[in-house]
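Everything below belongs to work_34.tsv, which stores TSV, C-alpha atoms and all ligand atoms.
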chain	number	residue	atom	x	y	z
A	1	MET	CA	0.63	-75.98	20.91
A	2	ASN	CA	2.63	-75.56	17.72
A	3	LYS	CA	0.16	-76.21	14.98
A	4	LYS	CA	-2.14	-73.26	14.42
A	5	ILE	CA	-5.84	-73.98	14.36
A	6	THR	CA	-9.03	-72.13	13.45
A	7	ILE	CA	-11.45	-71.29	16.25
A	8	ALA	CA	-15.03	-70.42	15.29
A	9	ILE	CA	-17.25	-68.74	17.89
A	10	ASP	CA	-20.92	-68.36	17.02
A	11	GLY	CA	-23.99	-67.53	19.04
A	12	PHE	CA	-26.71	-65.06	19.88
A	13	SER	CA	-26.09	-61.34	20.16
A	14	SER	CA	-24.50	-60.05	23.38
A	15	THR	CA	-23.33	-63.44	24.60
A	16	GLY	CA	-19.80	-62.09	24.99
A	17	LYS	CA	-18.45	-63.81	21.88
A	18	SER	CA	-16.04	-60.99	21.05
A	19	THR	CA	-14.80	-60.73	24.63
A	20	LEU	CA	-13.99	-64.43	24.68
A	21	ALA	CA	-12.52	-64.37	21.17
A	22	LYS	CA	-10.25	-61.45	22.11
A	23	GLN	CA	-9.05	-63.18	25.31
A	24	LEU	CA	-8.26	-66.34	23.35
A	25	ALA	CA	-6.49	-64.51	20.54
A	26	ASN	CA	-4.30	-62.60	23.04
A	27	HIS	CA	-3.47	-65.74	24.93
A	28	LEU	CA	-2.63	-67.79	21.83
A	29	GLY	CA	-1.05	-65.01	19.76
A	30	TYR	CA	-3.79	-65.47	17.16
A	31	VAL	CA	-5.60	-62.97	14.94
A	32	PHE	CA	-9.04	-61.93	16.23
A	33	VAL	CA	-11.86	-61.01	13.85
A	34	ASP	CA	-15.26	-59.70	14.96
A	35	THR	CA	-17.41	-60.33	11.88
A	36	GLY	CA	-20.38	-58.52	13.44
A	37	ALA	CA	-18.34	-55.32	12.99
A	38	MET	CA	-18.27	-55.97	9.24
A	39	TYR	CA	-22.08	-56.34	9.01
A	40	ARG	CA	-22.40	-53.25	11.17
A	41	ALA	CA	-20.06	-51.29	8.87
A	42	ILE	CA	-22.13	-52.16	5.78
A	43	THR	CA	-25.23	-51.11	7.75
A	44	LEU	CA	-23.68	-47.76	8.65
A	45	PHE	CA	-22.75	-47.23	5.01
A	46	ALA	CA	-26.38	-48.00	4.00
A	47	MET	CA	-27.70	-45.54	6.60
A	48	GLN	CA	-25.28	-42.78	5.57
A	49	ASN	CA	-26.33	-43.15	1.93
A	50	GLY	CA	-30.05	-43.25	2.68
A	51	TYR	CA	-30.48	-46.89	1.61
A	52	ILE	CA	-32.01	-47.90	4.93
A	53	GLY	CA	-34.01	-45.90	7.46
A	54	ALA	CA	-37.16	-46.07	9.55
A	55	GLU	CA	-39.35	-46.14	6.44
A	56	ASN	CA	-37.17	-47.28	3.58
A	57	PHE	CA	-34.96	-50.16	2.57
A	58	ASP	CA	-33.39	-49.80	-0.86
A	59	LYS	CA	-31.68	-53.15	-1.16
A	60	GLU	CA	-30.88	-52.82	-4.86
A	61	SER	CA	-28.90	-49.58	-4.49
A	62	LEU	CA	-26.91	-51.06	-1.63
A	63	ILE	CA	-26.11	-54.17	-3.68
A	64	LYS	CA	-24.92	-51.96	-6.56
A	65	SER	CA	-22.65	-50.01	-4.18
A	66	LEU	CA	-21.02	-53.08	-2.63
A	67	PRO	CA	-17.95	-53.18	-4.91
A	68	ALA	CA	-17.12	-49.62	-3.81
A	69	ILE	CA	-17.10	-50.50	-0.09
A	70	ARG	CA	-13.67	-51.40	1.26
A	71	LEU	CA	-13.69	-52.73	4.82
A	72	GLN	CA	-10.51	-53.02	6.85
A	73	PHE	CA	-9.54	-53.80	10.41
A	74	ARG	CA	-6.60	-51.60	11.42
A	75	TYR	CA	-4.72	-52.23	14.61
A	76	SER	CA	-4.54	-49.28	17.01
A	77	PRO	CA	-1.41	-49.61	19.18
A	78	GLU	CA	-2.80	-47.03	21.66
A	79	LEU	CA	-6.01	-48.96	22.20
A	80	GLY	CA	-4.44	-52.38	21.76
A	81	LEU	CA	-7.21	-53.48	19.42
A	82	ALA	CA	-8.25	-53.48	15.79
A	83	GLU	CA	-10.71	-50.83	14.65
A	84	MET	CA	-13.11	-50.92	11.72
A	85	TYR	CA	-12.55	-48.63	8.72
A	86	ILE	CA	-14.83	-48.02	5.73
A	87	ASN	CA	-12.88	-46.65	2.76
A	88	ASP	CA	-10.12	-45.38	5.08
A	89	VAL	CA	-12.51	-43.72	7.57
A	90	ASN	CA	-12.50	-44.95	11.17
A	91	VAL	CA	-16.08	-45.96	12.07
A	92	GLU	CA	-15.40	-48.04	15.18
A	93	ASN	CA	-17.63	-45.91	17.45
A	94	GLU	CA	-20.44	-45.23	14.96
A	95	ILE	CA	-21.02	-48.93	14.25
A	96	ARG	CA	-21.79	-49.71	17.92
A	97	THR	CA	-24.87	-47.47	18.32
A	98	ILE	CA	-28.37	-48.82	18.97
A	99	GLU	CA	-29.47	-47.30	15.64
A	100	VAL	CA	-27.01	-49.47	13.73
A	101	SER	CA	-28.06	-52.45	15.89
A	102	SER	CA	-31.68	-51.86	14.93
A	103	PHE	CA	-30.96	-52.18	11.17
A	104	VAL	CA	-28.07	-54.62	11.04
A	105	SER	CA	-30.04	-57.87	11.06
A	106	LYS	CA	-32.00	-56.68	8.00
A	107	ILE	CA	-28.78	-55.88	6.15
A	108	ALA	CA	-27.39	-59.29	7.16
A	109	THR	CA	-30.23	-61.03	5.29
A	110	ILE	CA	-28.93	-59.81	1.90
A	111	ALA	CA	-27.21	-62.67	0.07
A	112	GLU	CA	-24.84	-60.37	-1.84
A	113	VAL	CA	-23.68	-58.72	1.39
A	114	ARG	CA	-23.03	-62.11	2.98
A	115	ALA	CA	-21.14	-63.39	-0.06
A	116	LYS	CA	-18.83	-60.37	-0.05
A	117	LEU	CA	-18.11	-60.57	3.67
A	118	VAL	CA	-17.69	-64.36	3.78
A	119	GLU	CA	-15.12	-64.16	0.98
A	120	GLN	CA	-13.13	-61.53	2.87
A	121	GLN	CA	-13.37	-63.55	6.11
A	122	GLN	CA	-12.14	-66.74	4.45
A	123	GLU	CA	-9.20	-64.82	3.01
A	124	MET	CA	-8.30	-63.48	6.49
A	125	GLY	CA	-8.32	-67.00	7.91
A	126	LYS	CA	-6.52	-68.84	5.17
A	127	ASP	CA	-3.32	-69.28	7.22
A	128	LYS	CA	-5.22	-70.42	10.35
A	129	GLY	CA	-4.14	-69.05	13.75
A	130	ILE	CA	-7.42	-67.13	13.91
A	131	VAL	CA	-10.32	-66.70	16.32
A	132	MET	CA	-13.37	-65.44	14.47
A	133	ASP	CA	-16.74	-64.67	16.01
A	134	GLY	CA	-20.14	-64.23	14.37
A	135	ARG	CA	-23.25	-66.21	13.47
A	136	ASP	CA	-22.15	-68.44	10.60
A	137	ILE	CA	-18.46	-69.00	11.23
A	138	GLY	CA	-18.63	-72.72	12.09
A	139	THR	CA	-21.38	-73.43	9.55
A	140	VAL	CA	-20.45	-71.35	6.48
A	141	VAL	CA	-17.15	-69.45	6.78
A	142	PHE	CA	-14.97	-72.20	8.29
A	143	PRO	CA	-16.94	-75.46	8.27
A	144	ASP	CA	-13.62	-77.29	8.84
A	145	ALA	CA	-12.61	-75.26	11.91
A	146	GLU	CA	-10.85	-77.48	14.46
A	147	LEU	CA	-12.84	-75.95	17.33
A	148	LYS	CA	-16.38	-74.58	17.16
A	149	ILE	CA	-18.04	-72.91	20.12
A	150	PHE	CA	-21.71	-71.90	20.22
A	151	MET	CA	-22.51	-69.38	22.95
A	152	THR	CA	-25.90	-68.82	24.51
A	153	ALA	CA	-27.38	-66.98	27.50
A	154	SER	CA	-30.92	-65.93	28.38
A	155	ALA	CA	-32.29	-62.89	26.50
A	156	THR	CA	-32.68	-60.95	29.76
A	157	THR	CA	-29.08	-61.62	30.82
A	158	ARG	CA	-27.85	-60.50	27.41
A	159	ALA	CA	-30.02	-57.37	27.37
A	160	GLN	CA	-28.77	-56.38	30.81
A	161	ARG	CA	-25.14	-56.76	29.68
A	162	ARG	CA	-25.74	-54.74	26.52
A	163	TYR	CA	-27.66	-52.10	28.46
A	164	ASP	CA	-24.82	-51.68	30.99
A	165	GLU	CA	-22.40	-51.26	28.09
A	166	LEU	CA	-24.53	-48.82	26.06
A	167	LYS	CA	-25.62	-46.78	29.07
A	168	GLN	CA	-22.08	-45.45	29.39
A	169	LYS	CA	-22.31	-43.90	25.92
A	170	GLU	CA	-26.01	-43.27	25.25
A	171	ASP	CA	-27.88	-41.62	28.11
A	172	ALA	CA	-31.34	-41.84	26.62
A	173	ILE	CA	-31.41	-45.61	26.27
A	174	THR	CA	-33.76	-47.83	28.32
A	175	TYR	CA	-33.40	-51.49	29.30
A	176	GLU	CA	-36.74	-52.29	27.61
A	177	GLU	CA	-35.47	-50.84	24.34
A	178	VAL	CA	-32.34	-52.97	24.49
A	179	LEU	CA	-34.28	-56.14	25.37
A	180	LYS	CA	-36.64	-55.53	22.43
A	181	ASN	CA	-33.64	-55.10	20.11
A	182	VAL	CA	-32.00	-58.30	21.40
A	183	GLU	CA	-35.22	-60.29	20.89
A	184	GLU	CA	-35.86	-58.85	17.43
A	185	ARG	CA	-32.33	-59.64	16.30
A	186	ASP	CA	-32.54	-63.19	17.70
A	187	TYR	CA	-35.69	-63.70	15.66
A	188	ILE	CA	-34.34	-62.30	12.37
A	189	ASP	CA	-30.92	-63.97	12.77
A	190	THR	CA	-32.46	-67.42	13.35
A	191	HIS	CA	-35.22	-67.15	10.73
A	192	ARG	CA	-33.44	-65.70	7.68
A	193	ASP	CA	-33.20	-67.94	4.59
A	194	ASN	CA	-29.54	-67.24	3.95
A	195	SER	CA	-27.13	-68.72	6.54
A	196	PRO	CA	-29.47	-68.53	9.54
A	197	LEU	CA	-27.95	-68.73	13.00
A	198	VAL	CA	-27.91	-72.47	13.75
A	199	ILE	CA	-25.62	-74.54	15.89
A	200	ALA	CA	-23.11	-76.52	13.82
A	201	GLU	CA	-23.35	-80.29	14.39
A	202	ASP	CA	-19.84	-80.43	15.78
A	203	ALA	CA	-20.02	-77.25	17.87
A	204	ILE	CA	-19.77	-77.24	21.65
A	205	GLU	CA	-22.51	-75.21	23.31
A	206	ILE	CA	-21.68	-72.99	26.27
A	207	ASP	CA	-24.45	-71.25	28.20
A	208	ASN	CA	-22.70	-68.45	30.06
A	209	SER	CA	-25.72	-67.00	31.90
A	210	HIS	CA	-24.06	-68.03	35.17
A	211	LEU	CA	-20.40	-68.07	34.22
A	212	THR	CA	-17.80	-65.37	34.82
A	213	ARG	CA	-15.50	-64.35	31.98
A	214	GLU	CA	-12.64	-66.18	33.69
A	215	GLU	CA	-14.62	-69.41	34.14
A	216	GLN	CA	-15.69	-69.36	30.51
A	217	PHE	CA	-12.13	-68.67	29.35
A	218	GLU	CA	-10.79	-71.62	31.37
A	219	ILE	CA	-13.44	-73.96	29.93
A	220	VAL	CA	-12.54	-73.01	26.37
A	221	LEU	CA	-8.78	-73.24	27.02
A	222	GLY	CA	-9.43	-76.79	28.23
A	223	LEU	CA	-11.23	-77.53	24.96
A	224	ILE	CA	-8.34	-76.09	22.95
A	225	ASN	CA	-5.92	-78.36	24.80
A	226	GLU	CA	-8.12	-81.34	23.98
A	227	VAL	CA	-8.08	-80.40	20.30
A	228	ALA	CA	-4.29	-79.91	20.40
A	229	LYS	CA	-3.86	-83.51	21.60
A	230	THR	CA	-5.63	-84.86	18.53
A	231	GLU	CA	-4.00	-82.55	15.99
B	1	LIG	O1	-22.16	-59.71	16.78
B	1	LIG	P1	-22.98	-58.42	16.52
B	1	LIG	O2	-24.12	-58.27	17.46
B	1	LIG	O3	-22.10	-57.22	16.46
B	1	LIG	O4	-23.57	-58.65	15.06
B	1	LIG	C1	-24.40	-57.71	14.45
B	1	LIG	C2	-25.40	-58.37	13.52
B	1	LIG	O5	-24.71	-58.85	12.35
B	1	LIG	C3	-26.19	-59.54	14.07
B	1	LIG	O6	-27.46	-59.16	14.53
B	1	LIG	C4	-26.31	-60.48	12.89
B	1	LIG	C5	-25.26	-60.08	11.92
B	1	LIG	N1	-24.15	-61.04	11.76
B	1	LIG	C6	-24.32	-62.05	10.86
B	1	LIG	O7	-25.40	-62.19	10.29
B	1	LIG	N2	-23.31	-62.91	10.60
B	1	LIG	C7	-22.14	-62.80	11.24
B	1	LIG	N3	-21.14	-63.65	10.97
B	1	LIG	C8	-21.95	-61.76	12.19
B	1	LIG	C9	-22.99	-60.90	12.44
Output the file's structure in the form of C-alpha cells.
Ligand code: DC
Amino acid sequence: MNKKITIAIDGFSSTGKSTLAKQLANHLGYVFVDTGAMYRAITLFAMQNGYIGAENFDKESLIKSLPAIRLQFRYSPELGLAEMYINDVNVENEIRTIEVSSFVSKIATIAEVRAKLVEQQQEMGKDKGIVMDGRDIGTVVFPDAELKIFMTASATTRAQRRYDELKQKEDAITYEEVLKNVEERDYIDTHRDNSPLVIAEDAIEIDNSHLTREEQFEIVLGLINEVAKTE
C-alpha cells in the first residue's frame, strides 16, 4: 500500500489495543502512539504535585499547571520502543503502576486536559501513517480516520491479562484489586460528559476474548487491505 492512512484503535482498558497498534505500526512502518500513556503522565504529574490523592482532587491547580507540562515520546533504540517523558524526565515505568491506574480516569474527565492532549495528538498525526490507540481516537481525535477499530473483551478476561502483567512488577497486587480497577475505569470512561468512550458509527468492533494476538493481527491486516483497495 503506498498511500499512508490513519488507523484509530479505541476500546476498553486492557483489551490489548497498544499491543495490536504496535504490531501494526511495525508491520506498516507507521508511527505508533499510545494516548493512554499521555493521560497517565498527566496523572503522575498531578500525584507528584499533590493535586490528586486518596482524599483530595485539586483540579484547578492542575489546570493552571498544564502549560508547564511538556510531554514527549522518545524512541529508545535499546528497547525498540518509544518511552514517555515529562519535562525531559523518563516516566515510562512510573506511569504503569496500579496507583496511577486508580486516578487516571478522574484526570481524563478534565476538559482542559483533554483539549491539550487532543491538540498534541492531532499534530502528531497530521501527516498520516500513524496507528493511535485510546478511547476517543475515532470519535474526537481523528474522526476522518480511514480505519477505526473498537476492541472489547470481557472484564474478567481483561483483568486476568492485566493481573498477569502487573504481577511481574508488583508483588502485593491481587486479581480482585485489578478487576475492581478495570470495572471502575470502564464505568468512568463510558459515563464522563467529555468525550466518553463510545463506539464510532463507522468503527469495526473486535471482541478478542477468544482470539490470539496473531489471529487478531491477521483480521486487522485483512481490514487494512480492504481499505487500501478503496483508497
Ligand atoms: O489505555 P490506558 O489504560 O493506558 O488509558 C489510561 C486511562 O486514560 C483510561 O482509563 C482512560 C484514559 N484515556 C482517555 O480518556 N482517552 C484516551 N484517548 C486514552 C486514555
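Counting only C-alpha atoms and all ligand atoms and comparing A:His191, A:Arg70, A:Lys59, A:Lys229, the residue that lies closest to ligand LIG 1 (chain B) is A:His191.
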Emit as lines of an AutoDock Vina configuration file the padded axis-aligned box for all listed atoms of ligand LIG 1 (chain B), 6 Å per side, with centre and edge lengths in Å to one decimal.
center_x = -24.3
center_y = -60.4
center_z = 13.9
size_x = 18.3
size_y = 18.4
size_z = 19.2
Residue contacts of Leu117 in chain A (12 Å, all atoms listed in the file) excluding same-chain residues fewer than 6 positions away, as JSON, numbers by chain: {"A": [33, 34, 35, 36, 37, 38, 39, 40, 41, 42, 66, 67, 69, 70, 71, 72, 107, 108, 110, 111, 123, 124, 134, 136, 137, 140, 141]}
Residues from the last selection, C-alpha atoms, saved as a PDB file, in the coordinates of the input:
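Heads up, here's the output in again-v6.pdb:
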ATOM      1  CA  VAL A  33     -11.860 -61.010  13.850  1.00  0.00           C
ATOM      2  CA  ASP A  34     -15.260 -59.700  14.960  1.00  0.00           C
ATOM      3  CA  THR A  35     -17.410 -60.330  11.880  1.00  0.00           C
ATOM      4  CA  GLY A  36     -20.380 -58.520  13.440  1.00  0.00           C
ATOM      5  CA  ALA A  37     -18.340 -55.320  12.990  1.00  0.00           C
ATOM      6  CA  MET A  38     -18.270 -55.970   9.240  1.00  0.00           C
ATOM      7  CA  TYR A  39     -22.080 -56.340   9.010  1.00  0.00           C
ATOM      8  CA  ARG A  40     -22.400 -53.250  11.170  1.00  0.00           C
ATOM      9  CA  ALA A  41     -20.060 -51.290   8.870  1.00  0.00           C
ATOM     10  CA  ILE A  42     -22.130 -52.160   5.780  1.00  0.00           C
ATOM     11  CA  LEU A  66     -21.020 -53.080  -2.630  1.00  0.00           C
ATOM     12  CA  PRO A  67     -17.950 -53.180  -4.910  1.00  0.00           C
ATOM     13  CA  ILE A  69     -17.100 -50.500  -0.090  1.00  0.00           C
ATOM     14  CA  ARG A  70     -13.670 -51.400   1.260  1.00  0.00           C
ATOM     15  CA  LEU A  71     -13.690 -52.730   4.820  1.00  0.00           C
ATOM     16  CA  GLN A  72     -10.510 -53.020   6.850  1.00  0.00           C
ATOM     17  CA  ILE A 107     -28.780 -55.880   6.150  1.00  0.00           C
ATOM     18  CA  ALA A 108     -27.390 -59.290   7.160  1.00  0.00           C
ATOM     19  CA  ILE A 110     -28.930 -59.810   1.900  1.00  0.00           C
ATOM     20  CA  ALA A 111     -27.210 -62.670   0.070  1.00  0.00           C
ATOM     21  CA  GLU A 123      -9.200 -64.820   3.010  1.00  0.00           C
ATOM     22  CA  MET A 124      -8.300 -63.480   6.490  1.00  0.00           C
ATOM     23  CA  GLY A 134     -20.140 -64.230  14.370  1.00  0.00           C
ATOM     24  CA  ASP A 136     -22.150 -68.440  10.600  1.00  0.00           C
ATOM     25  CA  ILE A 137     -18.460 -69.000  11.230  1.00  0.00           C
ATOM     26  CA  VAL A 140     -20.450 -71.350   6.480  1.00  0.00           C
ATOM     27  CA  VAL A 141     -17.150 -69.450   6.780  1.00  0.00           C
TER      28      VAL A 141
END
Computed interatomic separation between atom C6 of ligand LIG 1 (chain B) and CA of Glu218 in chain A (Å): 26.4 Å
Using only C-alpha atoms: which of A:Ile219, A:Phe32, A:Glu214, A:Glu170 has the shortest distance to Gly125 in chain A: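 Closest residue, counting only C-alpha atoms: A:Phe32.
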CA of Asp189 in chain A to CA of Ser154 in chain A, straight-line distance in Å: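 Separation of CA of Ser154 in chain A and CA of Asp189 in chain A: 15.7 Å.
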N, CA and C atoms for range 122-141 of chain A, written as a JSON list (two decimals), keeping the file's coordinate frame, could you do that?
[["chain", "number", "residue", "atom", "x", "y", "z"],
["A", 122, "GLN", "N", -12.88, -65.51, 4.79],
["A", 122, "GLN", "CA", -12.14, -66.74, 4.45],
["A", 122, "GLN", "C", -10.70, -66.39, 4.09],
["A", 123, "GLU", "N", -10.54, -65.28, 3.39],
["A", 123, "GLU", "CA", -9.20, -64.82, 3.01],
["A", 123, "GLU", "C", -8.38, -64.50, 4.28],
["A", 124, "MET", "N", -9.02, -63.84, 5.26],
["A", 124, "MET", "CA", -8.30, -63.48, 6.49],
["A", 124, "MET", "C", -7.88, -64.72, 7.28],
["A", 125, "GLY", "N", -8.62, -65.80, 7.11],
["A", 125, "GLY", "CA", -8.32, -67.00, 7.91],
["A", 125, "GLY", "C", -7.56, -68.08, 7.16],
["A", 126, "LYS", "N", -7.07, -67.76, 5.99],
["A", 126, "LYS", "CA", -6.52, -68.84, 5.17],
["A", 126, "LYS", "C", -5.24, -69.47, 5.76],
["A", 127, "ASP", "N", -4.53, -68.72, 6.60],
["A", 127, "ASP", "CA", -3.32, -69.28, 7.22],
["A", 127, "ASP", "C", -3.57, -69.84, 8.63],
["A", 128, "LYS", "N", -4.81, -69.97, 9.00],
["A", 128, "LYS", "CA", -5.22, -70.42, 10.35],
["A", 128, "LYS", "C", -4.65, -69.47, 11.43],
["A", 129, "GLY", "N", -4.60, -69.94, 12.70],
["A", 129, "GLY", "CA", -4.14, -69.05, 13.75],
["A", 129, "GLY", "C", -5.10, -67.89, 13.92],
["A", 130, "ILE", "N", -6.41, -68.19, 13.89],
["A", 130, "ILE", "CA", -7.42, -67.13, 13.91],
["A", 130, "ILE", "C", -8.57, -67.51, 14.85],
["A", 131, "VAL", "N", -9.10, -66.52, 15.53],
["A", 131, "VAL", "CA", -10.32, -66.70, 16.32],
["A", 131, "VAL", "C", -11.34, -65.74, 15.72],
["A", 132, "MET", "N", -12.39, -66.29, 15.13],
["A", 132, "MET", "CA", -13.37, -65.44, 14.47],
["A", 132, "MET", "C", -14.73, -65.63, 15.13],
["A", 133, "ASP", "N", -15.42, -64.52, 15.40],
["A", 133, "ASP", "CA", -16.74, -64.67, 16.01],
["A", 133, "ASP", "C", -17.83, -64.07, 15.12],
["A", 134, "GLY", "N", -19.02, -64.69, 15.20],
["A", 134, "GLY", "CA", -20.14, -64.23, 14.37],
["A", 134, "GLY", "C", -21.36, -65.12, 14.55],
["A", 135, "ARG", "N", -22.04, -65.37, 13.43],
["A", 135, "ARG", "CA", -23.25, -66.21, 13.47],
["A", 135, "ARG", "C", -23.12, -67.45, 12.60],
["A", 136, "ASP", "N", -22.25, -67.37, 11.59],
["A", 136, "ASP", "CA", -22.15, -68.44, 10.60],
["A", 136, "ASP", "C", -20.71, -68.91, 10.41],
["A", 137, "ILE", "N", -19.89, -68.71, 11.41],
["A", 137, "ILE", "CA", -18.46, -69.00, 11.23],
["A", 137, "ILE", "C", -18.23, -70.53, 11.15],
["A", 138, "GLY", "N", -18.82, -71.26, 12.09],
["A", 138, "GLY", "CA", -18.63, -72.72, 12.09],
["A", 138, "GLY", "C", -19.46, -73.43, 11.03],
["A", 139, "THR", "N", -20.50, -72.77, 10.54],
["A", 139, "THR", "CA", -21.38, -73.43, 9.55],
["A", 139, "THR", "C", -21.01, -73.07, 8.11],
["A", 140, "VAL", "N", -20.64, -71.82, 7.86],
["A", 140, "VAL", "CA", -20.45, -71.35, 6.48],
["A", 140, "VAL", "C", -19.00, -70.91, 6.20],
["A", 141, "VAL", "N", -18.47, -70.06, 7.07],
["A", 141, "VAL", "CA", -17.15, -69.45, 6.78],
["A", 141, "VAL", "C", -16.04, -70.49, 6.92]]
